[in-house]
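So this block is entry_2.tsv, TSV, C-alpha atoms:
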```
chain	number	residue	atom	x	y	z
H	53	MET	CA	-14.59	7.75	-15.66
H	54	SER	CA	-11.29	5.92	-15.38
H	55	VAL	CA	-8.10	7.05	-13.71
H	56	LEU	CA	-6.63	7.51	-17.19
H	57	ASP	CA	-9.30	10.11	-17.92
H	58	ARG	CA	-9.05	11.81	-14.53
H	59	ARG	CA	-5.23	11.87	-14.49
H	60	LYS	CA	-4.38	12.66	-18.11
H	61	SER	CA	-1.01	14.16	-17.19
H	62	ILE	CA	0.20	10.80	-15.86
H	63	ALA	CA	-1.84	8.43	-18.05
H	64	SER	CA	1.14	7.37	-20.17
H	65	LYS	CA	3.20	6.75	-17.02
H	66	LEU	CA	0.39	4.59	-15.59
H	67	ARG	CA	0.28	2.61	-18.86
H	68	ASP	CA	4.06	2.09	-18.57
H	69	PHE	CA	3.58	0.73	-15.04
H	70	GLU	CA	0.85	-1.55	-16.33
H	71	ARG	CA	3.22	-2.89	-19.04
H	72	GLU	CA	5.91	-3.33	-16.37
H	73	GLY	CA	3.45	-5.48	-14.41
H	74	SER	CA	3.52	-3.34	-11.29
H	75	LEU	CA	0.07	-1.81	-11.81
H	76	THR	CA	-3.25	-3.40	-12.66
H	77	LEU	CA	-5.91	-1.18	-14.16
H	78	VAL	CA	-9.46	-2.48	-13.83
H	79	SER	CA	-12.04	-1.59	-16.42
H	80	ASP	CA	-14.97	-1.37	-14.01
H	81	GLN	CA	-14.34	0.98	-11.08
H	82	LEU	CA	-16.72	-1.04	-8.93
H	83	GLU	CA	-14.94	-4.32	-9.63
H	84	ASP	CA	-11.67	-3.36	-7.96
H	85	MET	CA	-12.82	-4.61	-4.55
H	86	GLY	CA	-13.55	-8.06	-5.96
H	87	GLU	CA	-10.07	-8.26	-7.44
H	88	ILE	CA	-8.52	-7.11	-4.16
H	89	VAL	CA	-10.48	-9.72	-2.20
H	90	ASP	CA	-9.41	-12.41	-4.71
H	91	ILE	CA	-5.72	-11.54	-4.20
H	92	VAL	CA	-6.06	-11.43	-0.40
H	93	GLY	CA	-7.89	-14.77	-0.56
H	94	MET	CA	-5.04	-16.36	-2.54
H	95	VAL	CA	-2.51	-15.19	0.06
H	96	LEU	CA	-4.78	-16.39	2.87
H	97	ASP	CA	-5.29	-19.79	1.21
H	98	ALA	CA	-1.52	-20.12	0.79
H	99	GLY	CA	-1.17	-19.70	4.56
H	100	LYS	CA	1.00	-16.58	4.21
H	101	LEU	CA	-1.33	-13.79	5.31
H	102	ALA	CA	-0.17	-11.96	8.42
H	103	SER	CA	-2.92	-9.37	8.08
H	104	VAL	CA	-4.34	-6.72	5.83
H	105	ALA	CA	-3.55	-3.18	6.94
H	106	VAL	CA	-5.76	-0.36	5.73
H	107	ASP	CA	-6.28	3.31	6.39
H	108	PRO	CA	-9.17	3.28	8.92
H	109	ALA	CA	-10.56	6.49	7.44
H	110	GLY	CA	-10.76	4.99	3.97
H	111	LEU	CA	-12.15	1.53	4.66
H	112	GLY	CA	-15.32	1.93	2.61
H	113	VAL	CA	-16.76	-1.49	1.73
H	114	ARG	CA	-13.54	-3.36	2.51
H	115	PRO	CA	-14.56	-4.80	5.90
H	116	GLU	CA	-17.69	-6.44	4.52
H	117	ALA	CA	-15.97	-7.72	1.38
H	118	LEU	CA	-12.99	-9.08	3.30
H	119	ALA	CA	-15.24	-10.65	5.96
H	120	GLU	CA	-16.69	-12.85	3.22
H	121	ILE	CA	-13.32	-14.63	3.06
H	122	GLY	CA	-12.71	-14.62	6.82
H	123	VAL	CA	-10.50	-11.52	7.08
H	124	THR	CA	-11.90	-9.47	9.96
H	125	GLN	CA	-10.81	-7.17	12.75
H	126	ASP	CA	-12.14	-9.71	15.26
H	127	ASN	CA	-9.63	-12.37	14.18
H	128	GLY	CA	-6.79	-9.87	13.77
H	129	LEU	CA	-6.47	-10.32	10.02
H	130	LEU	CA	-7.76	-6.81	9.28
H	131	ILE	CA	-6.08	-3.95	11.09
H	132	GLY	CA	-6.26	-0.19	10.86
H	133	ALA	CA	-2.93	1.46	10.16
H	134	SER	CA	-3.21	5.04	11.34
H	135	GLN	CA	-2.10	7.71	8.91
H	136	GLY	CA	-0.70	11.23	9.16
H	137	TYR	CA	1.70	11.89	12.02
H	138	MET	CA	0.79	8.47	13.50
H	139	LEU	CA	2.80	6.83	10.69
H	140	MET	CA	6.00	8.31	12.13
H	141	ASN	CA	7.19	4.99	13.60
H	142	ALA	CA	6.60	3.20	10.29
H	143	ILE	CA	8.37	5.97	8.35
H	144	LYS	CA	11.42	5.89	10.61
H	145	THR	CA	11.47	2.07	10.69
H	146	THR	CA	11.24	1.93	6.90
H	147	GLU	CA	14.07	4.41	6.52
H	148	ARG	CA	16.37	2.50	8.87
H	149	ARG	CA	15.56	-0.90	7.38
H	150	LEU	CA	16.11	0.34	3.82
H	151	VAL	CA	19.50	1.70	4.85
H	152	ASN	CA	20.59	-1.48	6.66
H	153	GLY	CA	19.26	-3.73	3.89
H	154	THR	CA	16.65	-5.64	5.93
H	155	LEU	CA	13.86	-4.10	3.81
H	156	LYS	CA	13.85	-3.57	0.08
H	157	HIS	CA	11.14	-2.29	-2.19
H	158	ASP	CA	10.45	-4.24	-5.34
H	159	GLY	CA	12.66	-2.06	-7.52
H	160	SER	CA	9.86	-1.35	-9.97
H	161	ALA	CA	9.74	1.90	-11.90
H	162	MET	CA	6.35	2.57	-10.30
H	163	MET	CA	7.65	2.29	-6.74
H	164	SER	CA	10.71	4.38	-7.59
H	165	TRP	CA	8.47	7.07	-9.12
H	166	CYS	CA	6.18	7.06	-6.09
H	167	VAL	CA	9.11	7.27	-3.66
H	168	GLY	CA	10.35	10.23	-5.69
H	169	ASN	CA	6.98	11.93	-5.20
H	170	LEU	CA	7.14	11.49	-1.42
H	171	LYS	CA	8.12	14.28	0.92
H	172	ILE	CA	8.68	13.80	4.64
H	173	GLU	CA	7.63	16.96	6.45
H	174	PRO	CA	8.36	17.83	10.05
H	175	THR	CA	5.43	18.99	12.16
H	176	ALA	CA	5.65	20.63	15.56
H	177	THR	CA	6.03	17.26	17.33
H	178	ALA	CA	6.39	14.58	14.64
H	179	ILE	CA	6.91	13.93	10.94
H	180	ARG	CA	4.42	13.02	8.22
H	181	ALA	CA	4.53	11.81	4.65
H	182	THR	CA	3.00	13.96	1.91
H	183	LYS	CA	3.23	14.40	-1.85
H	184	ALA	CA	6.26	16.44	-2.79
H	185	ASN	CA	4.48	17.74	-5.92
H	186	ALA	CA	1.04	19.15	-6.28
H	187	GLY	CA	-1.28	17.80	-8.91
H	188	ASP	CA	-1.33	14.23	-10.10
H	189	ALA	CA	1.76	12.86	-8.31
H	190	LYS	CA	0.98	9.57	-6.57
H	191	ILE	CA	2.42	8.06	-3.39
H	192	ASP	CA	-0.15	5.33	-2.66
H	193	PRO	CA	2.29	2.36	-2.98
H	194	VAL	CA	4.70	4.04	-0.56
H	195	MET	CA	1.89	4.64	1.91
H	196	ALA	CA	0.92	0.98	1.53
H	197	MET	CA	4.53	0.05	2.27
H	198	PHE	CA	4.30	2.07	5.51
H	199	ASP	CA	1.08	0.17	6.34
H	200	ALA	CA	2.91	-3.12	5.72
H	201	VAL	CA	5.77	-2.00	7.97
H	202	THR	CA	3.15	-1.23	10.62
H	203	VAL	CA	1.98	-4.85	10.39
H	204	MET	CA	5.48	-6.30	10.40
H	205	SER	CA	6.43	-4.11	13.39
H	206	LYS	CA	3.89	-6.12	15.38
H	207	ASN	CA	6.12	-9.17	14.72
H	208	PRO	CA	3.43	-11.53	13.39
H	209	GLU	CA	4.08	-15.23	13.62
H	210	ALA	CA	5.66	-16.56	10.44
H	211	LYS	CA	3.37	-18.69	8.32
H	212	GLY	CA	4.41	-21.00	5.49
H	213	ALA	CA	7.60	-20.21	3.63
H	214	PRO	CA	9.91	-17.67	5.27
H	215	GLU	CA	9.72	-15.17	2.40
H	216	TYR	CA	7.17	-12.38	2.58
H	217	GLN	CA	5.67	-10.30	-0.16
H	218	MET	CA	3.88	-7.08	0.56
H	219	ILE	CA	0.78	-6.59	-1.55
H	220	PHE	CA	-0.25	-2.99	-2.00
H	221	ILE	CA	-3.97	-2.34	-2.25
```

As a first step, turn the structure in this file into structure tokens.
Amino acid sequence: MSVLDRRKSIASKLRDFEREGSLTLVSDQLEDMGEIVDIVGMVLDAGKLASVAVDPAGLGVRPEALAEIGVTQDNGLLIGASQGYMLMNAIKTTERRLVNGTLKHDGSAMMSWCVGNLKIEPTATAIRATKANAGDAKIDPVMAMFDAVTVMSKNPEAKGAPEYQMIFI
């Protein structure tokens, strides 16, 4: 069953994002990892990969698939970006850098929609990012942006051309 079947209420919006070029829908749910590894491999081969940041709780088959192209935790190219309240530094850094102009999202309708679905909630001792709406609202690209900010906060050594592109997986 595809995401378009599971998320009928947002299927037309997802198709719009696909037409915009900001979303790729794969026909075989088990093929997505291969496509992800191909993209990471292209960035790695171009000499521009700082690292791949992933939610440690949702790694699944990623470590094995990425290891096939030399992206591992041992060499620092695969890192876990903690989620929940532990994203507080990335959330605050993102907010400040967006305001001062040193970070910009891609301006796509998809990213704008996902940012609109995001809610920052205070907890007793921190803040966390959640979906503002129940149901089918999505925030995955924003969470990936926070993961990328986590990587960039570690100040990785620049490789290749000075421009960076965050790839959301």

Taking only C-alpha atoms into account, produce a table as JSON lines in which each residue of segment 148-183 of chain H with an atom at most 9 Å from an atom of segment 66-80 of chain H appears once, together with its shortest atom pair and the distance in Å to one decimal, ordered by chain and rising number.
```
{"residue": "H:Ser160", "atom": "CA", "partner": "H:Ser74", "partner_atom": "CA", "distance": 6.8}
{"residue": "H:Ala161", "atom": "CA", "partner": "H:Phe69", "partner_atom": "CA", "distance": 7.0}
{"residue": "H:Met162", "atom": "CA", "partner": "H:Phe69", "partner_atom": "CA", "distance": 5.8}
{"residue": "H:Met163", "atom": "CA", "partner": "H:Ser74", "partner_atom": "CA", "distance": 8.3}
```

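Using only C-alpha atoms for every distance, the candidate list H:Ile143, H:Ile62, H:Val151, H:Ile88 yields H:Ile143 as the residue closest to Ala200 of chain H.
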
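Minimum atom-to-atom distance to Glu120 of chain H, evaluated using all atoms listed in the file, belongs to H:Met85 out of H:Leu170, H:Ala63, H:Met85, H:Leu101.
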
Best match for closeness to Val194 of chain H among H:Val167, H:Leu130, H:Leu56, H:Val92, counting all atoms listed in the file: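 Using all atoms listed in the file, Val194 of chain H sits closest to H:Val167.
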
Contacts of Ile191 of chain H at 9 Å (all atoms listed in the file; same-chain gap of 5+ positions) as number ranges by chain: H: 163, 165-170, 182-183, 196

Proximity to Pro193 of chain H - best of H:Asp158, H:Lys171, H:Ser64, H:Ala109, only C-alpha atoms: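 For Pro193 of chain H, the nearest of the candidates is H:Asp158.
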
Straight-line distance linking atom CA of Ser205 of chain H with atom CA of Asn141 of chain H, stated in Å to one decimal: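 If I compute the distance from atom CA of Ser205 of chain H to atom CA of Asn141 of chain H, I get 9.1 Å.
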
Top pick for closest residue to Arg180 of chain H, considering H:Ala117, H:Leu139, H:Leu96, H:Val106 and counting only C-alpha atoms: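 For Arg180 of chain H, the nearest of the given residues is H:Leu139.
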
Nearby residues (only C-alpha atoms) at most 10 Å from Asp90 of chain H, same-chain spacing under 6 positions excluded, as a list of chain:residue names: H:Asp84, H:Leu96, H:Leu118, H:Ile121
